[in-house]
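**Q** Encoded as structure tokens, here's the structure I'll be asking about.
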Amino acid sequence: MRRPTLRFMASHPAHWIALGFGSGLPRIAPGTFGTLWAWAVYLLMQRWLGEAAIGWVILASLPIGWWACTVTARHMNIADPGSIVWDEVVAFWIILWVVMPTGFIGQLVAFVLFRVFDAAKPGPVAWADGLFKQGGAAEPNWWRAGFGIILDDLVAAFCTLLVIAAVRAW
């Protein structure tokens, strides 16, 4: 399966999560759509949850996301499908959790920086992306692949936060 459908997403709870509740279904730029969805959901969470509660949601989202990404990648038979966007969701939530409170421009800068790091994969992001690749493996280790899906986005988030911290310090 190259592109998941609504039917595929509805066939398993892990698919709903991994595909960002549908935000990963667009053919063009699913990671960007997933990040936009994450941004909107974060703003909604801020209305009803405190900072600590959001931190707990993020913390719980990591192992749940690892499971969902693993199951969905295995069902798609692709080690790192572009339509899996839960990695972008959790990574961007971490960024927003750290930089908030900030206005729209600050959030937009964080969004753009994260998308650049995630898409271009410079330096440490490329290293993290390749760390769990299993090219040519007859039978991929799906749990390893699921962790790899999430890891490079966490590194992209860290790089984004480093740039923001450097700009703020300067």
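The way I read the labels, and the way they are meant: chains A, B, ... in the order of the structure tokens, residue 1 as the first residue of every chain, and ligand 1 as the first ligand shown, with later ones counted on from there.
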Tell me, counting only C-alpha atoms, for each residue of stretch 80-142 of chain A within 9 Å of stretch 16-38 of chain A, which pair of atoms is nearest and how far apart they are in Å to one decimal, in rows ordered by chain and increasing number, as a Markdown table.
**A**
```
| residue | atom | partner | partner_atom | distance |
| --- | --- | --- | --- | --- |
| A:Gly82 | CA | A:Pro30 | CA | 6.7 |
| A:Ser83 | CA | A:Gly24 | CA | 4.5 |
| A:Ile84 | CA | A:Leu19 | CA | 4.8 |
| A:Val85 | CA | A:Gly34 | CA | 5.4 |
| A:Trp86 | CA | A:Ala18 | CA | 4.9 |
| A:Asp87 | CA | A:Ala18 | CA | 7.9 |
| A:Glu88 | CA | A:Thr35 | CA | 5.6 |
| A:Val89 | CA | A:Ala38 | CA | 4.8 |
| A:Val90 | CA | A:Ala38 | CA | 7.6 |
| A:Ala91 | CA | A:Thr35 | CA | 8.7 |
| A:Phe92 | CA | A:Thr35 | CA | 6.5 |
| A:Trp93 | CA | A:Ala38 | CA | 6.5 |
| A:Phe111 | CA | A:Thr35 | CA | 7.6 |
| A:Phe114 | CA | A:Thr35 | CA | 8.9 |
| A:Arg115 | CA | A:Thr32 | CA | 6.9 |
| A:Asp118 | CA | A:Gly31 | CA | 8.5 |
| A:Ala119 | CA | A:Gly31 | CA | 8.4 |
```
**Q** Rank nothing, just name the residue among A:Leu96, A:Val116, A:Ala10, A:Leu62 nearest to A:Ala40, using only C-alpha atoms.
**A**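 Selected residue with least distance to A:Ala40: A:Leu96.
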**Q** When you draw a straight line from atom CA of A:Gly123 to atom CA of A:Thr102, how long is it in Å?
**A**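 It comes out at 27.7 Å.
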**Q** Looking at A:Gly55, A:Pro13, A:Gly148, A:Pro63, which one is nearest to A:Trp97, with distances taken over only C-alpha atoms?
**A**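 Of A:Gly55, A:Pro13, A:Gly148, A:Pro63, the one nearest A:Trp97, counting only C-alpha atoms, is A:Gly55.
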**Q** Just checking: using only C-alpha atoms, which residue out of A:Phe104, A:Trp127, A:Trp56, A:Trp67 ends up closest to A:Asp152?
**A**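 Distance minimum relative to A:Asp152 lands on A:Trp127.
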**Q** Could you check which of A:Ile58, A:Val71, A:Val109, A:Ala166 is closest to A:Arg144, using only C-alpha atoms?
**A**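 Among the listed residues, the smallest separation from A:Arg144 belongs to A:Val71.
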**Q** Can you pull out the residues contacting A:Val163? Cut-off 12 Å, using only C-alpha atoms, and skip same-chain residues under 3 positions away; I want them as a PyMOL selection string.
**A** chain A and resi 95+99+109-110+112-114+116-117+156-160+166-170
**Q** For a test of reading the model, state the distance in Å between atom CA of A:Asp80 and atom CA of A:Ile149, rounded to one decimal.
**A**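 Separation of atom CA of A:Asp80 and atom CA of A:Ile149: 5.9 Å.
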**Q** Would you please work out which residue, of A:Glu139, A:Leu151, A:Ala68, A:Leu161, is nearest to A:His12 when using only C-alpha atoms?
**A** A:Ala68
**Q** Report, in Å to a single decimal, how far apart atom CA of A:Ser61 and atom CA of A:Leu154 are.
**A** 12.6 Å
**Q** When you count only C-alpha atoms, which of these residues is closest to A:Asp129: A:Leu43, A:Ile164, A:Ala79, A:Ala14?
**A**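 Of A:Leu43, A:Ile164, A:Ala79, A:Ala14, the one nearest A:Asp129, counting only C-alpha atoms, is A:Ala79.
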